[in-house]
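*Asks:* Below: one structure in structure tokens.
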There are 2 protein chains.
Amino acid sequence: MRIGELAGATGTTARALRHYEQAGLISSERASNGYRIYDEQAVVRVRNIRYLLSAGLTLDDVRAFLPCLDGDVAAAAPSDKGLRVALERLAVIDERIAAQTEARDRLAAALRERIGGRIRTVA
Amino acid sequence: MRIGELAGATGTTARALRHYEQAGLISSERASNGYRIYDEQAVVRVRNIRYLLSAGLTLDDVRAFLPCLDGDVAAAAPSDKGLRVALERLAVIDERIAAQTEARDRLAAALRERIGGRIRTVA
DNA sequence: CTTGACCTTGCCGTCGGCGTCAGGGTCGCA
DNA sequence: TGCGACCCTGACGCCGACGGCAAGGTCAAG
């Protein structure tokens, strides 16, 4: 498939796919006319990338998951470097969420003070 | 106090303080020579701002809560517009946290299982 | 043979939270 | 009176994840 089709199949854009390639997250064959050519694997791979990005990871973070993105089982041993990096990133994300949650609670408390219990807080 | 002193007292920089002012988060008197002059309140205010920023909130988020961070706000009546803004902003923050948390959980689950070395996608 | 839908590379624009000059005023002190 | 430390206002730079445009190549259909 060509880049437009892959974009359509993964809910992204050709521009983003070129960006991922530039970042070393995906690769492509080239047709004789220079067009990028992808196989079915690419669909899974790109969806995985998008998924990780939507989880708040950066492209750099995602790079650490590359061995896992494809179903390349052999590379994903428990001692795998990518896995360790991933767990570290997960810890960072946890910290970020915890910080935001604490801040949110303080803000909600401040608001409650101001309006004397008229708030039903979301949490 | 002048801007450098406030910066020192809050662990930030003069540049950042000017930025906050430009964003409407803090205000200052001006001395006859044009220098910004701050009172003690500003220290608390800036520390609050820094705390919220470090928790991952944006300047826009912070702006919505400023009336609550200062204590001196006679302007925050229950029906106040600023209060509505703050509530909306709180909802936005909650959504953001929820989205991050959900993504994080799925990511953590995927990592735990390591199904065939592959991360499960939404599809 | 032309249209128009696709593709290519390259490079600038965007948003947020500042950093970092550049170019110039304003102090206090020796 | 001159130095150094501070302050001022622009205005451009940076990172991240692309968007969007320019200027052109490619290809099937009409």
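Naming works like this for the structure tokens: A, B, ... for the chains as they're shown, residue 1 at the start of each chain, ligands 1 onward in shown order.
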Using only C-alpha atoms (C1' of nucleotides), which residues of chain B come within 9 Å of chain C, and what is the closest atom pair for each, with the distance in Å to one decimal? Give it as JSON lines, sorted by chain and residue number.
*Replies:*
{"residue": "B:Arg15", "atom": "CA", "partner": "C:DC18", "partner_atom": "C1'", "distance": 7.5}
{"residue": "B:Ala16", "atom": "CA", "partner": "C:DC18", "partner_atom": "C1'", "distance": 6.3}
{"residue": "B:His19", "atom": "CA", "partner": "C:DC18", "partner_atom": "C1'", "distance": 7.6}
{"residue": "B:Asn33", "atom": "CA", "partner": "C:DT26", "partner_atom": "C1'", "distance": 7.1}
{"residue": "B:Thr58", "atom": "CA", "partner": "C:DG16", "partner_atom": "C1'", "distance": 7.8}
{"residue": "B:Leu59", "atom": "CA", "partner": "C:DG16", "partner_atom": "C1'", "distance": 8.4}
*Asks:* Could you turn the residues from that selection into a file that holds N, CA and C atoms, as a short mmCIF file (atom, residue, chain, number, x, y, z; two decimals), in the first residue's frame?
*Replies:*
data_model
loop_
_atom_site.label_atom_id
_atom_site.label_comp_id
_atom_site.auth_asym_id
_atom_site.auth_seq_id
_atom_site.Cartn_x
_atom_site.Cartn_y
_atom_site.Cartn_z
N ARG B 15 12.84 36.73 33.65
CA ARG B 15 12.19 36.51 32.37
C ARG B 15 10.85 35.82 32.54
N ALA B 16 10.83 34.80 33.38
CA ALA B 16 9.60 34.06 33.61
C ALA B 16 8.55 34.97 34.24
N HIS B 19 7.04 37.11 31.82
CA HIS B 19 6.16 36.27 31.03
C HIS B 19 4.82 36.06 31.74
N ASN B 33 11.36 55.04 37.78
CA ASN B 33 12.32 54.73 36.74
C ASN B 33 11.86 53.59 35.82
N THR B 58 -1.32 24.39 32.48
CA THR B 58 -0.87 25.45 31.58
C THR B 58 -1.09 26.81 32.23
N LEU B 59 -0.52 27.84 31.65
CA LEU B 59 -0.75 29.18 32.14
C LEU B 59 -2.22 29.53 32.05
#
*Asks:* Taking only C-alpha atoms (C1' of nucleotides) into account and nothing else, which residues of chain D lie no more than 12 Å away from chain B? Please answer as a list in words.
*Replies:*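 Result, ordered by chain then number: DA5, DC6, DC7, DC8 and DT9 of chain D.
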*Asks:* Would you pick out the contacts of B:Ile97 at 8 Å or less, using only C-alpha atoms (C1' of nucleotides), so that residues sharing its chain but fewer than 6 positions from it are not included, and give the list as a PDB file with C-alpha atoms, in the first residue's frame?
*Replies:*
ATOM      1  CA  ILE A  97      -0.458  12.011  36.830  1.00  0.00           C
ATOM      2  CA  GLN A 100      -1.670  16.723  38.386  1.00  0.00           C
ATOM      3  CA  THR A 101      -4.118  14.904  40.602  1.00  0.00           C
TER       4      THR A 101
END
*Asks:* Can you tell me, as a ChimeraX atom specification, what residues are no more than 8 Å from A:Ala86 when counting only C-alpha atoms (C1' of nucleotides), ignoring any on the same chain fewer than 3 positions away?
*Replies:* /A:61,64-65,82-83,89-90
*Asks:* With only C-alpha atoms (C1' of nucleotides) as the counted atoms, please give the residues lying no more than 9 Å from A:Ala55, apart from itself and same-chain residues fewer than 6 positions off, as a ChimeraX atom specification.
*Replies:* /B:99-104,106-107
*Asks:* For the residues selected in the previous step, produce a file with C-alpha atoms as a CSV table (one decimal), in the first residue's frame.
*Replies:*
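Final file, selection-v8.csv:
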chain,number,residue,atom,x,y,z
B,99,ALA,CA,-7.5,10.4,29.7
B,100,GLN,CA,-3.9,10.1,30.8
B,101,THR,CA,-4.8,7.7,33.5
B,102,GLU,CA,-6.8,5.5,31.2
B,103,ALA,CA,-4.0,5.4,28.6
B,104,ARG,CA,-1.5,4.7,31.3
B,106,ARG,CA,-3.8,0.2,29.2
B,107,LEU,CA,-0.1,0.8,28.6
*Asks:* Which residue out of A:Ile26, A:Leu52, A:Ala14, A:Ala7 has the minimum interatomic distance to chain B when only C-alpha atoms are used?
*Replies:*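 Under the stated criterion, the closest residue is A:Leu52.
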*Asks:* List as a list of chain:residue names the protein and nucleic acid residues near B:Tyr38, meaning an atom at most 12 Å away when only C-alpha atoms (C1' of nucleotides) are counted, but skip any in the same chain fewer than 3 places from it.
*Replies:*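 With the cut-off at 12 Å, the set is B:Met1, B:Arg2, B:Ile3, B:Gly4, B:Glu5, B:Leu6, B:Ala7, B:Ala9, B:Leu17, B:Glu21, B:Ile26, B:Ser27, B:Ser28, B:Glu29, B:Arg30, B:Ala31, B:Tyr35, B:Gln41, B:Ala42, B:Val43, B:Val44, B:Arg45, B:Val46.
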*Asks:* Write down as a count of residues only the residues belonging to stretch 10-81 of chain B that are assigned alpha helix (DSSP H) by DSSP computed on the backbone.
*Replies:* 37
*Asks:* Taking only C-alpha atoms into account, name the residue in B:Gln22, B:Ser32, B:Ser54, B:Thr10 that is nearest to chain A.
*Replies:*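 Checking each candidate against chain A, we get B:Ser54 as the closest.
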*Asks:* Let's see if you can do this: from backbone DSSP, list all strand (DSSP E) residues in stretch 13-107 of chain B, as a list in words.
*Replies:*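 Those in stretch 13-107 of chain B that DSSP calls strand (DSSP E) are Glu29, Arg30, Arg36 and Ile37 of chain B.
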*Asks:* Could you tell me how far atom CA of B:Arg96 sits from atom CA of B:Leu66, in Å to one decimal place?
*Replies:*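 Taking atom CA of B:Leu66 and atom CA of B:Arg96, their separation equals 19.9 Å.
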